Structure formats: structure tokens, C-alpha cells
>>> print(open('protein26.cif').read())   # mmCIF, C-alpha atoms and all ligand atoms
data_target
loop_
_atom_site.label_atom_id
_atom_site.label_comp_id
_atom_site.auth_asym_id
_atom_site.auth_seq_id
_atom_site.Cartn_x
_atom_site.Cartn_y
_atom_site.Cartn_z
CA MET A 1 -77.40 -8.80 -87.58
CA PRO A 2 -80.48 -10.97 -88.24
CA GLU A 3 -83.59 -9.12 -89.53
CA THR A 4 -85.87 -11.22 -87.38
CA ILE A 5 -84.39 -13.09 -84.45
CA ARG A 6 -85.51 -16.71 -84.44
CA ILE A 7 -85.90 -18.25 -80.99
CA GLY A 8 -86.55 -21.76 -79.71
CA ILE A 9 -87.70 -22.67 -76.21
CA ILE A 10 -86.59 -25.97 -74.68
CA GLY A 11 -88.75 -27.09 -71.76
CA SER A 12 -92.29 -25.69 -71.67
CA GLY A 13 -93.14 -25.64 -67.96
CA GLY A 14 -93.62 -22.79 -65.52
CA ILE A 15 -90.67 -20.52 -66.24
CA ALA A 16 -90.97 -20.99 -70.02
CA ARG A 17 -94.17 -18.92 -69.78
CA ALA A 18 -92.20 -15.95 -68.43
CA HIS A 19 -89.74 -16.35 -71.35
CA ALA A 20 -92.52 -16.62 -73.93
CA SER A 21 -94.35 -13.63 -72.48
CA ALA A 22 -91.17 -11.53 -72.63
CA TYR A 23 -90.26 -12.62 -76.17
CA LYS A 24 -93.78 -11.84 -77.38
CA LYS A 25 -93.32 -8.20 -76.36
CA LEU A 26 -90.28 -7.80 -78.65
CA SER A 27 -90.52 -6.70 -82.25
CA ASN A 28 -88.55 -8.42 -85.01
CA LEU A 29 -88.39 -11.58 -82.96
CA GLU A 30 -90.24 -14.82 -83.49
CA ILE A 31 -90.58 -17.92 -81.31
CA VAL A 32 -90.33 -20.51 -84.05
CA ALA A 33 -90.22 -23.73 -82.02
CA VAL A 34 -90.86 -25.23 -78.62
CA ALA A 35 -89.62 -28.60 -77.36
CA ASP A 36 -90.71 -30.55 -74.31
CA SER A 37 -89.80 -34.14 -73.54
CA ILE A 38 -93.36 -34.85 -72.37
CA GLU A 39 -95.32 -35.75 -75.47
CA GLY A 40 -97.93 -33.16 -76.38
CA LYS A 41 -96.76 -30.60 -73.82
CA ALA A 42 -94.93 -28.35 -76.31
CA GLN A 43 -98.00 -28.21 -78.58
CA ALA A 44 -100.27 -27.41 -75.64
CA PHE A 45 -97.87 -24.60 -74.67
CA ILE A 46 -97.88 -23.26 -78.23
CA ASP A 47 -101.69 -23.26 -78.22
CA GLN A 48 -102.00 -21.62 -74.80
CA GLU A 49 -99.39 -18.99 -75.58
CA GLN A 50 -100.85 -18.47 -79.05
CA LEU A 51 -97.55 -19.06 -80.79
CA HIS A 52 -99.41 -20.35 -83.81
CA ALA A 53 -96.46 -20.26 -86.21
CA ALA A 54 -94.24 -22.31 -83.87
CA ALA A 55 -93.36 -25.97 -84.39
CA ALA A 56 -93.61 -28.46 -81.52
CA PHE A 57 -91.06 -31.17 -80.74
CA ASP A 58 -90.66 -33.85 -78.08
CA ASP A 59 -86.93 -34.10 -78.72
CA HIS A 60 -84.92 -30.89 -78.30
CA ARG A 61 -82.38 -32.15 -80.85
CA LYS A 62 -85.03 -31.89 -83.58
CA LEU A 63 -85.67 -28.29 -82.57
CA LEU A 64 -81.95 -27.62 -82.86
CA GLU A 65 -81.97 -28.76 -86.50
CA LEU A 66 -83.93 -25.61 -87.32
CA GLU A 67 -82.34 -22.33 -88.27
CA LEU A 68 -82.42 -20.50 -84.94
CA ASP A 69 -80.45 -17.60 -83.51
CA GLY A 70 -80.99 -18.45 -79.87
CA VAL A 71 -82.67 -20.80 -77.45
CA SER A 72 -84.06 -20.42 -73.96
CA VAL A 73 -83.27 -23.48 -71.88
CA CYS A 74 -86.18 -23.78 -69.43
CA THR A 75 -85.85 -27.43 -68.43
CA PRO A 76 -85.33 -28.63 -64.85
CA ASN A 77 -81.70 -28.32 -63.73
CA PHE A 78 -80.68 -31.86 -64.70
CA ALA A 79 -81.26 -31.15 -68.40
CA HIS A 80 -79.54 -27.74 -68.55
CA HIS A 81 -76.20 -29.32 -69.42
CA GLU A 82 -77.25 -31.63 -72.24
CA THR A 83 -79.61 -29.19 -73.92
CA SER A 84 -77.28 -26.18 -73.63
CA VAL A 85 -74.25 -28.08 -74.95
CA ASN A 86 -76.28 -29.47 -77.85
CA ALA A 87 -77.62 -26.00 -78.62
CA LEU A 88 -74.15 -24.41 -78.53
CA ASN A 89 -72.74 -27.22 -80.69
CA ALA A 90 -75.56 -26.56 -83.14
CA GLY A 91 -74.46 -22.91 -83.33
CA LYS A 92 -77.25 -21.34 -81.27
CA HIS A 93 -76.84 -18.69 -78.56
CA VAL A 94 -78.13 -19.94 -75.20
CA LEU A 95 -80.00 -18.33 -72.33
CA VAL A 96 -80.06 -21.04 -69.68
CA GLU A 97 -82.20 -20.82 -66.57
CA LYS A 98 -80.58 -20.89 -63.14
CA PRO A 99 -78.86 -22.62 -61.48
CA MET A 100 -76.46 -23.17 -64.35
CA SER A 101 -76.27 -26.96 -63.94
CA VAL A 102 -76.40 -29.82 -61.45
CA THR A 103 -72.66 -30.41 -61.16
CA LEU A 104 -69.59 -28.22 -61.51
CA ASP A 105 -68.22 -30.50 -64.24
CA GLN A 106 -71.35 -29.90 -66.29
CA SER A 107 -70.90 -26.13 -66.02
CA ILE A 108 -67.24 -26.48 -67.04
CA ASP A 109 -68.37 -28.46 -70.08
CA MET A 110 -71.01 -25.86 -70.95
CA VAL A 111 -68.47 -23.04 -70.82
CA ALA A 112 -66.08 -25.07 -73.01
CA ALA A 113 -68.88 -25.65 -75.55
CA ALA A 114 -69.62 -21.92 -75.65
CA LYS A 115 -65.94 -21.14 -76.20
CA ARG A 116 -65.63 -23.74 -78.98
CA SER A 117 -68.76 -22.59 -80.76
CA GLY A 118 -68.17 -18.85 -80.39
CA LYS A 119 -71.82 -18.55 -79.28
CA MET A 120 -72.92 -16.93 -76.04
CA LEU A 121 -73.95 -18.78 -72.93
CA THR A 122 -75.83 -16.46 -70.63
CA VAL A 123 -77.44 -17.45 -67.32
CA GLY A 124 -80.93 -16.32 -66.33
CA PHE A 125 -80.32 -14.27 -63.20
CA GLN A 126 -83.08 -11.67 -63.58
CA PRO A 127 -82.23 -9.87 -60.28
CA ARG A 128 -79.21 -8.44 -62.13
CA TYR A 129 -81.70 -6.16 -63.90
CA ASP A 130 -82.95 -4.67 -60.61
CA PRO A 131 -81.44 -1.14 -60.58
CA ASN A 132 -80.77 -1.59 -56.85
CA MET A 133 -78.43 -4.51 -57.63
CA SER A 134 -76.58 -2.22 -60.05
CA LEU A 135 -76.46 0.44 -57.35
CA ILE A 136 -74.91 -2.01 -54.86
CA LYS A 137 -72.30 -2.94 -57.44
CA GLU A 138 -71.61 0.68 -58.26
CA ILE A 139 -71.04 1.53 -54.58
CA VAL A 140 -68.79 -1.49 -54.00
CA GLN A 141 -66.83 -0.89 -57.20
CA SER A 142 -66.49 2.85 -56.59
CA GLY A 143 -63.85 2.26 -53.93
CA GLN A 144 -65.84 4.21 -51.30
CA LEU A 145 -65.77 1.19 -48.99
CA GLY A 146 -61.97 0.94 -49.17
CA LYS A 147 -60.72 -2.63 -49.17
CA VAL A 148 -63.71 -4.97 -48.81
CA TYR A 149 -62.78 -7.87 -46.54
CA PHE A 150 -66.11 -9.36 -45.41
CA VAL A 151 -69.42 -9.87 -47.17
CA GLU A 152 -72.57 -11.39 -45.80
CA THR A 153 -75.34 -12.48 -48.15
CA GLY A 154 -78.35 -14.71 -47.95
CA GLY A 155 -81.94 -14.49 -46.95
CA GLY A 156 -84.66 -16.82 -47.93
CA ARG A 157 -88.05 -18.01 -46.99
CA ARG A 158 -89.84 -18.81 -43.76
CA ARG A 159 -91.91 -21.30 -45.74
CA GLY A 160 -91.34 -21.85 -49.44
CA MET A 161 -90.14 -25.33 -50.27
CA PRO A 162 -90.84 -26.44 -53.83
CA GLY A 163 -91.48 -30.07 -54.75
CA GLY A 164 -91.11 -32.32 -57.81
CA THR A 165 -87.81 -32.10 -59.64
CA PHE A 166 -86.60 -29.37 -57.26
CA ILE A 167 -86.22 -31.79 -54.33
CA SER A 168 -84.53 -34.67 -56.18
CA LYS A 169 -80.75 -34.80 -55.75
CA GLU A 170 -80.30 -36.30 -59.18
CA LEU A 171 -82.60 -33.87 -61.00
CA ALA A 172 -81.92 -30.61 -59.14
CA GLY A 173 -78.39 -31.20 -57.81
CA ALA A 174 -79.01 -29.19 -54.67
CA GLY A 175 -81.88 -27.55 -52.81
CA ALA A 176 -82.14 -24.05 -51.40
CA MET A 177 -78.39 -23.40 -51.70
CA ALA A 178 -78.65 -23.69 -55.50
CA ASP A 179 -82.26 -22.80 -56.21
CA ILE A 180 -82.44 -19.41 -54.53
CA GLY A 181 -78.91 -19.31 -53.14
CA CYS A 182 -77.44 -18.86 -56.61
CA TYR A 183 -79.13 -15.42 -56.81
CA SER A 184 -77.81 -14.38 -53.46
CA LEU A 185 -74.30 -15.52 -54.39
CA ASP A 186 -74.57 -13.73 -57.72
CA MET A 187 -75.52 -10.47 -56.02
CA ALA A 188 -72.45 -10.58 -53.76
CA LEU A 189 -69.97 -11.93 -56.30
CA ASN A 190 -71.12 -9.62 -59.08
CA ALA A 191 -70.77 -6.58 -56.82
CA LEU A 192 -67.22 -7.71 -56.01
CA GLY A 193 -66.34 -8.36 -59.68
CA TYR A 194 -66.62 -12.16 -59.38
CA PRO A 195 -63.44 -12.99 -57.45
CA LYS A 196 -62.34 -16.59 -57.62
CA PRO A 197 -63.60 -18.79 -54.77
CA LEU A 198 -60.84 -20.67 -52.97
CA THR A 199 -62.34 -22.72 -50.11
CA VAL A 200 -65.73 -23.49 -48.60
CA SER A 201 -66.79 -24.64 -45.15
CA ALA A 202 -70.50 -25.39 -45.07
CA TYR A 203 -73.36 -26.85 -43.08
CA THR A 204 -76.68 -27.89 -44.62
CA SER A 205 -79.81 -29.50 -43.19
CA ASN A 206 -83.27 -30.60 -44.25
CA TYR A 207 -85.26 -30.84 -41.04
CA PHE A 208 -88.30 -29.20 -42.65
CA GLY A 209 -88.33 -30.89 -46.05
CA THR A 210 -88.15 -34.39 -44.61
CA ASN A 211 -90.89 -33.73 -42.04
CA PRO A 212 -94.41 -34.60 -43.31
CA LYS A 213 -95.74 -31.84 -41.06
CA TYR A 214 -94.05 -29.31 -43.34
CA HIS A 215 -93.79 -31.00 -46.75
CA ARG A 216 -96.25 -33.23 -48.54
CA GLU A 217 -93.41 -34.96 -50.42
CA ALA A 218 -91.31 -35.50 -47.29
CA ASP A 219 -90.67 -39.13 -48.30
CA CYS A 220 -88.69 -38.11 -51.37
CA PHE A 221 -87.11 -34.89 -50.11
CA GLU A 222 -83.39 -35.42 -50.83
CA VAL A 223 -81.85 -31.95 -50.83
CA GLU A 224 -81.10 -29.25 -48.24
CA ASP A 225 -83.73 -26.74 -47.12
CA PHE A 226 -81.21 -24.66 -45.16
CA GLY A 227 -77.53 -23.99 -45.46
CA VAL A 228 -74.76 -21.74 -44.26
CA ALA A 229 -71.23 -21.43 -45.59
CA MET A 230 -68.05 -19.50 -45.10
CA ILE A 231 -66.28 -19.00 -48.42
CA ARG A 232 -62.77 -17.66 -48.85
CA LEU A 233 -62.42 -15.58 -52.01
CA GLU A 234 -59.37 -14.43 -53.89
CA GLY A 235 -58.17 -11.05 -52.62
CA ASP A 236 -58.46 -11.90 -48.91
CA ILE A 237 -62.25 -11.58 -48.83
CA VAL A 238 -64.53 -13.77 -46.72
CA LEU A 239 -68.12 -14.40 -47.78
CA ASN A 240 -70.68 -15.56 -45.27
CA TYR A 241 -73.62 -17.11 -47.07
CA LYS A 242 -76.88 -18.43 -45.64
CA ILE A 243 -80.12 -19.48 -47.24
CA SER A 244 -83.37 -21.10 -46.23
CA TRP A 245 -86.41 -22.54 -47.94
CA ALA A 246 -87.99 -23.01 -44.52
CA MET A 247 -87.20 -21.89 -40.97
CA HIS A 248 -88.77 -20.66 -37.76
CA MET A 249 -87.53 -17.12 -38.28
CA ASP A 250 -88.73 -14.06 -40.17
CA THR A 251 -85.50 -13.27 -42.00
CA LEU A 252 -81.85 -14.31 -42.15
CA GLY A 253 -80.92 -10.65 -41.98
CA ALA A 254 -79.26 -8.01 -44.02
CA THR A 255 -76.72 -8.16 -46.78
CA MET A 256 -73.55 -6.34 -45.86
CA PHE A 257 -70.21 -5.39 -47.31
CA LEU A 258 -67.55 -4.41 -44.74
CA GLY A 259 -64.68 -2.32 -46.03
CA THR A 260 -61.76 -0.54 -44.44
CA ASP A 261 -63.29 2.90 -45.19
CA ALA A 262 -67.03 2.21 -45.03
CA GLY A 263 -69.67 -0.50 -44.77
CA LEU A 264 -72.78 -1.00 -46.88
CA LYS A 265 -75.89 -2.56 -45.37
CA VAL A 266 -78.89 -3.58 -47.45
CA THR A 267 -82.02 -4.81 -45.69
CA PRO A 268 -84.88 -6.80 -47.18
CA ALA A 269 -88.15 -4.94 -47.78
CA GLY A 270 -90.15 -7.12 -45.49
CA SER A 271 -89.78 -9.94 -43.12
CA GLY A 272 -92.14 -12.86 -43.25
CA PRO A 273 -92.54 -15.67 -45.70
CA TRP A 274 -90.02 -14.32 -48.22
CA SER A 275 -87.01 -12.20 -47.51
CA GLY A 276 -83.97 -11.55 -49.60
CA VAL A 277 -82.67 -8.40 -51.15
CA TRP A 278 -81.75 -10.13 -54.39
CA ASP A 279 -85.35 -10.99 -55.24
CA GLY A 280 -86.44 -7.45 -56.03
CA SER A 281 -87.28 -6.49 -52.47
CA VAL A 282 -84.66 -4.07 -51.19
CA GLY A 283 -86.05 -2.24 -48.16
CA SER A 284 -83.22 0.09 -47.22
CA MET A 285 -79.61 0.81 -48.07
CA SER A 286 -77.20 2.53 -45.67
CA LEU A 287 -73.59 3.50 -45.78
CA PHE A 288 -71.71 3.41 -42.45
CA HIS A 289 -68.66 5.65 -42.42
CA ASP A 290 -66.78 8.26 -40.41
CA VAL A 291 -67.24 11.96 -41.01
CA ALA A 292 -64.73 14.15 -39.15
CA GLY A 293 -64.15 11.27 -36.78
CA GLN A 294 -67.86 10.79 -36.08
CA ASN A 295 -69.67 7.51 -36.65
CA THR A 296 -72.06 8.40 -39.46
CA GLN A 297 -74.87 6.53 -41.18
CA THR A 298 -75.99 7.80 -44.57
CA THR A 299 -79.19 6.58 -46.20
CA VAL A 300 -78.80 5.64 -49.83
CA PRO A 301 -82.20 6.07 -51.51
CA VAL A 302 -83.64 2.79 -52.76
CA ILE A 303 -84.54 3.03 -56.43
CA GLN A 304 -88.24 2.51 -57.05
CA HIS A 305 -88.79 0.88 -60.41
CA GLY A 306 -91.64 -0.73 -62.25
CA LEU A 307 -89.46 -3.09 -64.26
CA ASN A 308 -90.50 -6.65 -64.96
CA LEU A 309 -87.11 -8.27 -64.32
CA PHE A 310 -87.99 -11.43 -66.30
CA ASP A 311 -88.78 -9.28 -69.33
CA GLU A 312 -85.55 -7.37 -68.89
CA LYS A 313 -83.33 -10.48 -68.90
CA VAL A 314 -84.99 -11.92 -72.00
CA LYS A 315 -84.89 -8.53 -73.74
CA ASP A 316 -81.17 -8.21 -73.01
CA PHE A 317 -80.48 -11.70 -74.40
CA ALA A 318 -82.32 -10.79 -77.61
CA ALA A 319 -80.49 -7.43 -77.80
CA ALA A 320 -77.14 -9.17 -77.28
CA ILE A 321 -77.93 -11.48 -80.22
CA ARG A 322 -78.99 -8.56 -82.38
CA ASP A 323 -75.99 -6.39 -81.48
CA ASN A 324 -73.51 -9.26 -81.54
CA ARG A 325 -72.59 -8.47 -77.93
CA PRO A 326 -70.99 -10.87 -75.45
CA ALA A 327 -73.22 -12.81 -73.05
CA PRO A 328 -74.90 -10.36 -70.64
CA ILE A 329 -74.39 -12.77 -67.69
CA ASP A 330 -71.47 -14.83 -68.87
CA GLY A 331 -71.48 -18.55 -68.13
CA ALA A 332 -67.69 -18.37 -67.72
CA GLU A 333 -68.24 -16.09 -64.71
CA ILE A 334 -71.20 -18.02 -63.31
CA LEU A 335 -68.91 -21.06 -63.21
CA TYR A 336 -67.61 -19.59 -59.91
CA ASN A 337 -71.16 -19.50 -58.56
CA GLN A 338 -71.64 -23.18 -59.44
CA ALA A 339 -68.21 -24.00 -57.98
CA ILE A 340 -69.31 -22.58 -54.64
CA ILE A 341 -72.52 -24.63 -54.66
CA ASP A 342 -70.43 -27.70 -55.49
CA GLY A 343 -68.06 -26.83 -52.62
CA VAL A 344 -70.98 -26.34 -50.23
CA LEU A 345 -72.29 -29.83 -50.98
CA ARG A 346 -68.85 -31.44 -50.64
CA SER A 347 -68.06 -29.61 -47.43
CA ALA A 348 -71.46 -30.32 -45.87
CA ALA A 349 -71.11 -34.01 -46.73
CA THR A 350 -67.60 -34.33 -45.29
CA LYS A 351 -68.07 -31.78 -42.46
CA ARG A 352 -64.72 -30.26 -43.45
CA GLU A 353 -63.46 -27.21 -45.30
CA VAL A 354 -62.90 -28.07 -48.97
CA THR A 355 -60.75 -26.51 -51.66
CA ILE A 356 -62.28 -25.32 -54.91
CA GLU A 357 -60.42 -26.55 -57.97
CA LEU A 358 -61.15 -24.80 -61.24
CA PRO A 359 -59.67 -25.23 -64.70
CA GLU A 360 -57.15 -22.54 -65.70
N1 LIG B 401 -85.47 -17.41 -63.04
C1 LIG B 401 -86.43 -17.76 -62.19
O1 LIG B 401 -86.94 -16.94 -61.41
C2 LIG B 401 -86.92 -19.15 -62.16
C3 LIG B 401 -88.14 -19.45 -61.57
C4 LIG B 401 -88.57 -20.78 -61.58
C5 LIG B 401 -87.78 -21.76 -62.14
N2 LIG B 401 -86.56 -21.43 -62.68
C6 LIG B 401 -85.69 -22.46 -63.26
O2 LIG B 401 -86.26 -22.86 -64.49
C7 LIG B 401 -86.05 -24.24 -64.70
C8 LIG B 401 -87.39 -24.91 -64.97
O3 LIG B 401 -88.24 -24.72 -63.87
P1 LIG B 401 -89.82 -24.84 -64.04
O4 LIG B 401 -90.39 -24.43 -62.75
O5 LIG B 401 -90.27 -24.17 -65.29
O6 LIG B 401 -89.95 -26.43 -64.20
P2 LIG B 401 -91.14 -27.25 -64.85
O7 LIG B 401 -91.01 -28.62 -64.35
O8 LIG B 401 -92.43 -26.51 -64.67
O9 LIG B 401 -90.83 -27.24 -66.42
C9 LIG B 401 -89.73 -27.88 -66.98
C10 LIG B 401 -90.17 -28.53 -68.30
O10 LIG B 401 -89.02 -29.06 -68.96
C11 LIG B 401 -89.39 -30.30 -69.57
N3 LIG B 401 -88.18 -31.06 -69.82
C12 LIG B 401 -87.47 -31.85 -68.98
N4 LIG B 401 -86.38 -32.36 -69.61
C13 LIG B 401 -86.42 -31.90 -70.87
C14 LIG B 401 -85.60 -32.09 -72.01
N5 LIG B 401 -84.49 -32.84 -71.96
N6 LIG B 401 -85.95 -31.51 -73.18
C15 LIG B 401 -87.07 -30.75 -73.24
N7 LIG B 401 -87.89 -30.54 -72.20
C16 LIG B 401 -87.57 -31.10 -71.03
C17 LIG B 401 -90.35 -30.91 -68.58
O11 LIG B 401 -91.15 -31.88 -69.19
C18 LIG B 401 -91.14 -29.69 -68.11
O12 LIG B 401 -92.28 -29.48 -68.90
C19 LIG B 401 -85.33 -24.76 -63.45
O13 LIG B 401 -83.97 -24.84 -63.72
C20 LIG B 401 -85.60 -23.69 -62.41
O14 LIG B 401 -84.56 -23.58 -61.45
C21 LIG B 401 -86.15 -20.15 -62.72
#
>>> encode(input="protein26.cif", output="C-alpha cells")
Amino acid sequence: MPETIRIGIIGSGGIARAHASAYKKLSNLEIVAVADSIEGKAQAFIDQEQLHAAAAFDDHRKLLELELDGVSVCTPNFAHHETSVNALNAGKHVLVEKPMSVTLDQSIDMVAAAKRSGKMLTVGFQPRYDPNMSLIKEIVQSGQLGKVYFVETGGGRRRGMPGGTFISKELAGAGAMADIGCYSLDMALNALGYPKPLTVSAYTSNYFGTNPKYHREADCFEVEDFGVAMIRLEGDIVLNYKISWAMHMDTLGATMFLGTDAGLKVTPAGSGPWSGVWDGSVGSMSLFHDVAGQNTQTTVPVIQHGLNLFDEKVKDFAAAIRDNRPAPIDGAEILYNQAIIDGVLRSAATKREVTIELPE
């Protein structure tokens, strides 16, 4: 167990600030280096975040030459693979931002690197630390629903399309389906115990992103702003998944788990510009079941919490390093999440159901 955990941050843009802020709240932990491929950006980050003892690098490989326990990978999606694999090969634990990678092959490679190195690869899904997400999982796993055969998950934004690297096919991989969809998938799959995905039939569109009326970078908008998919999961479970970055609608509806003994419905806290239950905004939770032959609806109290979920995920990564625990959100499991996103893109492109092939 290291006395002081030594951390490096790769990529010093927006989300790196949430990582730095969380790390700074932890005792016996030091951010010793920051790397950003844009010259001068890492040093500016160090100055702004007052990480005065930290070294700045333009090349993440130089950062990895240092003695570090773990790194936060906060680059755009396209660089998650290279930086994470290099970090794991250099013997560092990795907390990589979501989505895990651009392609499924990259995620497979990242998981293999983690296995080879014996270091953890954990993925930055902070909604996992929302107690309501744990409650959903507890209810689903308790068996109260009987056999779960249908799950609906999704949500999204009425308006909320990012720009820059997020809308480039090469740099982001996918649009809404990966960017915010990965959270929604994680909520459903985690509650179910991450069953293996088998097939995907998907539709995606980008009517909003490519319209200059709605997006100032419409000319270079290459990804989907809306998508819907039916996914067959191992265990005879069907997952209906829908996500939007932009739409003429207030919400894409509730999350639900249908079982042979009961159903669980979780509604978003509000409709409007943002609505999902995986983004810390659970509005209500109800169990639908029979009592003495009567259709019954029981309210499950939503847990009010004041947690900063970003802080919680970073804290758990640091604690896992300190306690020599396995990855809190294991890359090997999140591979299934990335496989679905990959399947969505393939199916939408071919307008056919596709099979998901995964290594044994
Ligand atoms: N968990 C969340 O809620 C959340 C929120 C926003 C973004 N993200 C994810 O975080 C990642 C970064 O998003 P962002 O908004 O901070 O992007 P950003 O563009 O603000 O910052 C990314 C930084 O990485 C740098 N970079 C690019 N390639 C690099 C490389 N090879 N080595 C070192 N630095 C490199 C860029 O120069 C940039 O400064 C994305 O994957 C995104 O999906 C997660």
C-alpha cells in the first residue's frame, strides 16, 4: 500500500478539472504530473489548479516514465486507447473517462493490456455512485421482479449537442449513443449483472446536428444526435434503448424493468432540456405488482443525497489503488457496453440486425 498515492492526469481539458478537484480533496494523494498534447496547456492547467508541485508534459509517454500509481485519462475519446494501453504497459492503474474507446477493438485491446499488466482499468461512469442507481440494482438483483425479460432505458436532451471533438466520427467514434448513451446502457446492464449482448437492431439519425438552424458546426457534424436500438441479451432479455442529444420532445420516457413477478418504473426528475434517470435526476420509482390478486403500485422512496458523483468516482479509484482492490467499474465488463455501441453503428449503417462477436 503506497504511503502517498501518486497520480498523473492525461488530457487537461474540461473533465480533467473535475478529476483534479476531486483528487485535491483526498489526503495522502498527490497529483504529480499533467500531460496535454497542446503545448503549454498542461502548465496552464497546473497553474490554474494550483498544483504547484506537478510537472507538465506535452507527450503523455514522458509522464508515464515517472513513478506513478495511477493515471486519469481525460483525453477526447480517440486518445483513450493509446494513452490507457501505454499507461497499463507502464504499470500504472488507469481511470479512463467514458465512453471507453472509439472502437470495440480498441476496448478489447485495453482490457488485454490490463490483464497482462495486472493493473486495473476502471471506466469513469460517475452515475454508478448515485445511491438510486444502487437501489435499482438491488431491486432487480433481489429477485422481486421474477424473471426480467424486457428493459427499457434511455432519455436524453431536448437540446444539448456538443461540438468539437464530440461530433467528429474519427475522434469521438459515435455521437449521442456513446456520449450519454453509455451511461444509460451502464445503468440497465449493471442492474442486470452485465449480461452478454448478442444482437443489435438500430436506427440513428442526425437531423438536428447537420441543420445550421440547430448547430453552429452543422458543416462538420458527422455523428448521430438520436438513436434507438433493440438489443438481445443473454438470458432471453430484450433491451430497448433510446437516446437523444436533440429532439422536439420533453423526454424519451421512463426506465423500466419488466419481470414475471413485478415491474420497476423509474421516471426522470424533470422533463425539459435534460432528462435521464442515470444523470442523477431520478424523479420517482414505483414497483408494479399484484397483492392478493389486485393490481398494486408501490412507491419506492427516492434517495435524496448530496453526493458529488464526480468526487465519488475519483475517490473510489484512489481507494481501490490504496486497498489493492479490483477495478471499481471493470473495463472487462464495460467491453459489453462498447460492443453494443459498436453494434448500434454497424446495424444503423446496414439497416439490418447485427450479431455481436466478442472474444472468449
Ligand atoms: N464523466 C463525465 O461526466 C464527462 C463529462 C465530459 C466529458 N467526459 C469525457 O471526458 C473526455 C474529455 O472530454 P473533455 O470535455 O474534457 O474534452 P476537452 O477537449 O475539453 O479536453 C481534452 C484534452 O485532452 C487533450 N489531448 C488530446 N489528445 C491527447 C493526448 N494524446 N495526450 C494528452 N492530451 C491529449 C486535448 O488537447 C484537450 O486539452 C471525453 O472522453 C468525454 O467523453 C466525461
>>> residues_around(input="protein26.cif", residues="Ala269 in chain A", least_positions_apart="6", cutoff="9 Å", atoms="only C-alpha atoms", output="short mmCIF file (atom, residue, chain, number, x, y, z; two decimals) with C-alpha atoms, in the coordinates of the input")
data_model
loop_
_atom_site.label_atom_id
_atom_site.label_comp_id
_atom_site.auth_asym_id
_atom_site.auth_seq_id
_atom_site.Cartn_x
_atom_site.Cartn_y
_atom_site.Cartn_z
CA SER A 275 -87.01 -12.20 -47.51
CA GLY A 276 -83.97 -11.55 -49.60
CA VAL A 277 -82.67 -8.40 -51.15
CA GLY A 280 -86.44 -7.45 -56.03
CA SER A 281 -87.28 -6.49 -52.47
CA VAL A 282 -84.66 -4.07 -51.19
CA GLY A 283 -86.05 -2.24 -48.16
CA SER A 284 -83.22 0.09 -47.22
#
>>> axis_aligned_box(input="protein26.cif", around="ligand LIG 401 (chain B)", padding_each_side="6 Å", output="lines of an AutoDock Vina configuration file")
center_x = -88.2
center_y = -24.9
center_z = -67.3
size_x = 20.5
size_y = 27.9
size_z = 23.8
>>> closest_residue(input="protein26.cif", among="A:Thr75, A:Asn295, A:Asn308, A:Thr350", to="ligand LIG 401 (chain B)", atoms="all atoms listed in the file")
A:Thr75
>>> residues_around(input="protein26.cif", residues="Ile243 in chain A", least_positions_apart="4", cutoff="6 Å", atoms="all atoms listed in the file", output="list in words")
Gly154, Gly155, Gly156, Phe226 and Gly227 of chain A
>>> residues_near_ligand(input="protein26.cif", ligand="ligand LIG 401 (chain B)", cutoff="7 Å", atoms="only C-alpha atoms and all ligand atoms", output="MDAnalysis selection string")
chainID A and resid 10:16 35:38 41 58:60 74:77 79 83 97:99 124:126 165 179
>>> write_last_selection(input="protein26.cif", atoms="C-alpha atoms", output="PDB file, in the frame of the given file")
ATOM      1  CA  ILE A  10     -86.590 -25.970 -74.680  1.00  0.00           C
ATOM      2  CA  GLY A  11     -88.750 -27.090 -71.760  1.00  0.00           C
ATOM      3  CA  SER A  12     -92.290 -25.690 -71.670  1.00  0.00           C
ATOM      4  CA  GLY A  13     -93.140 -25.640 -67.960  1.00  0.00           C
ATOM      5  CA  GLY A  14     -93.620 -22.790 -65.520  1.00  0.00           C
ATOM      6  CA  ILE A  15     -90.670 -20.520 -66.240  1.00  0.00           C
ATOM      7  CA  ALA A  16     -90.970 -20.990 -70.020  1.00  0.00           C
ATOM      8  CA  ALA A  35     -89.620 -28.600 -77.360  1.00  0.00           C
ATOM      9  CA  ASP A  36     -90.710 -30.550 -74.310  1.00  0.00           C
ATOM     10  CA  SER A  37     -89.800 -34.140 -73.540  1.00  0.00           C
ATOM     11  CA  ILE A  38     -93.360 -34.850 -72.370  1.00  0.00           C
ATOM     12  CA  LYS A  41     -96.760 -30.600 -73.820  1.00  0.00           C
ATOM     13  CA  ASP A  58     -90.660 -33.850 -78.080  1.00  0.00           C
ATOM     14  CA  ASP A  59     -86.930 -34.100 -78.720  1.00  0.00           C
ATOM     15  CA  HIS A  60     -84.920 -30.890 -78.300  1.00  0.00           C
ATOM     16  CA  CYS A  74     -86.180 -23.780 -69.430  1.00  0.00           C
ATOM     17  CA  THR A  75     -85.850 -27.430 -68.430  1.00  0.00           C
ATOM     18  CA  PRO A  76     -85.330 -28.630 -64.850  1.00  0.00           C
ATOM     19  CA  ASN A  77     -81.700 -28.320 -63.730  1.00  0.00           C
ATOM     20  CA  ALA A  79     -81.260 -31.150 -68.400  1.00  0.00           C
ATOM     21  CA  THR A  83     -79.610 -29.190 -73.920  1.00  0.00           C
ATOM     22  CA  GLU A  97     -82.200 -20.820 -66.570  1.00  0.00           C
ATOM     23  CA  LYS A  98     -80.580 -20.890 -63.140  1.00  0.00           C
ATOM     24  CA  PRO A  99     -78.860 -22.620 -61.480  1.00  0.00           C
ATOM     25  CA  GLY A 124     -80.930 -16.320 -66.330  1.00  0.00           C
ATOM     26  CA  PHE A 125     -80.320 -14.270 -63.200  1.00  0.00           C
ATOM     27  CA  GLN A 126     -83.080 -11.670 -63.580  1.00  0.00           C
ATOM     28  CA  THR A 165     -87.810 -32.100 -59.640  1.00  0.00           C
ATOM     29  CA  ASP A 179     -82.260 -22.800 -56.210  1.00  0.00           C
TER      30      ASP A 179
END
>>> residues_near_point(input="protein26.cif", point="(-87.6, -19.2, -39.4)", cutoff="10 Å", atoms="all atoms listed in the file", output="ChimeraX atom specification")
/A:156-159,244-252,272-273
>>> closest_residue(input="protein26.cif", among="A:Asp105, A:Asp69, A:Glu3, A:Glu30", to="His52 in chain A", atoms="only C-alpha atoms")
A:Glu30
>>> closest_residue(input="protein26.cif", among="A:Glu49, A:Phe166, A:Gly306, A:Val94", to="Leu64 in chain A", atoms="only C-alpha atoms")
A:Val94
>>> closest_residue(input="protein26.cif", among="A:Ala319, A:Ala178, A:Leu88, A:Ala202", to="Thr355 in chain A", atoms="all atoms listed in the file")
A:Ala202
>>> closest_residue(input="protein26.cif", among="A:Gln144, A:Ser205, A:Ser347, A:Gln338", to="Gln106 in chain A", atoms="only C-alpha atoms")
A:Gln338
>>> atom_distance(input="protein26.cif", atom1="CA of Val73 in chain A", atom2="CA of Asp47 in chain A")
19.5 Å
>>> residues_near_point(input="protein26.cif", point="(-82.9, -28.9, -56.4)", cutoff="10 Å", atoms="all atoms listed in the file", output="list in words")
Pro76, Asn77, Phe78, Pro99, Val102, Pro162, Gly163, Gly164, Thr165, Phe166, Ile167, Ser168, Lys169, Glu170, Leu171, Ala172, Gly173, Ala174, Gly175, Ala176, Met177, Ala178, Asp179, Ile180, Phe221, Glu222, Val223, Glu224 and Asp225 of chain A
>>> atom_distance(input="protein26.cif", atom1="CA of Met120 in chain A", atom2="CA of Gln43 in chain A")
27.6 Å
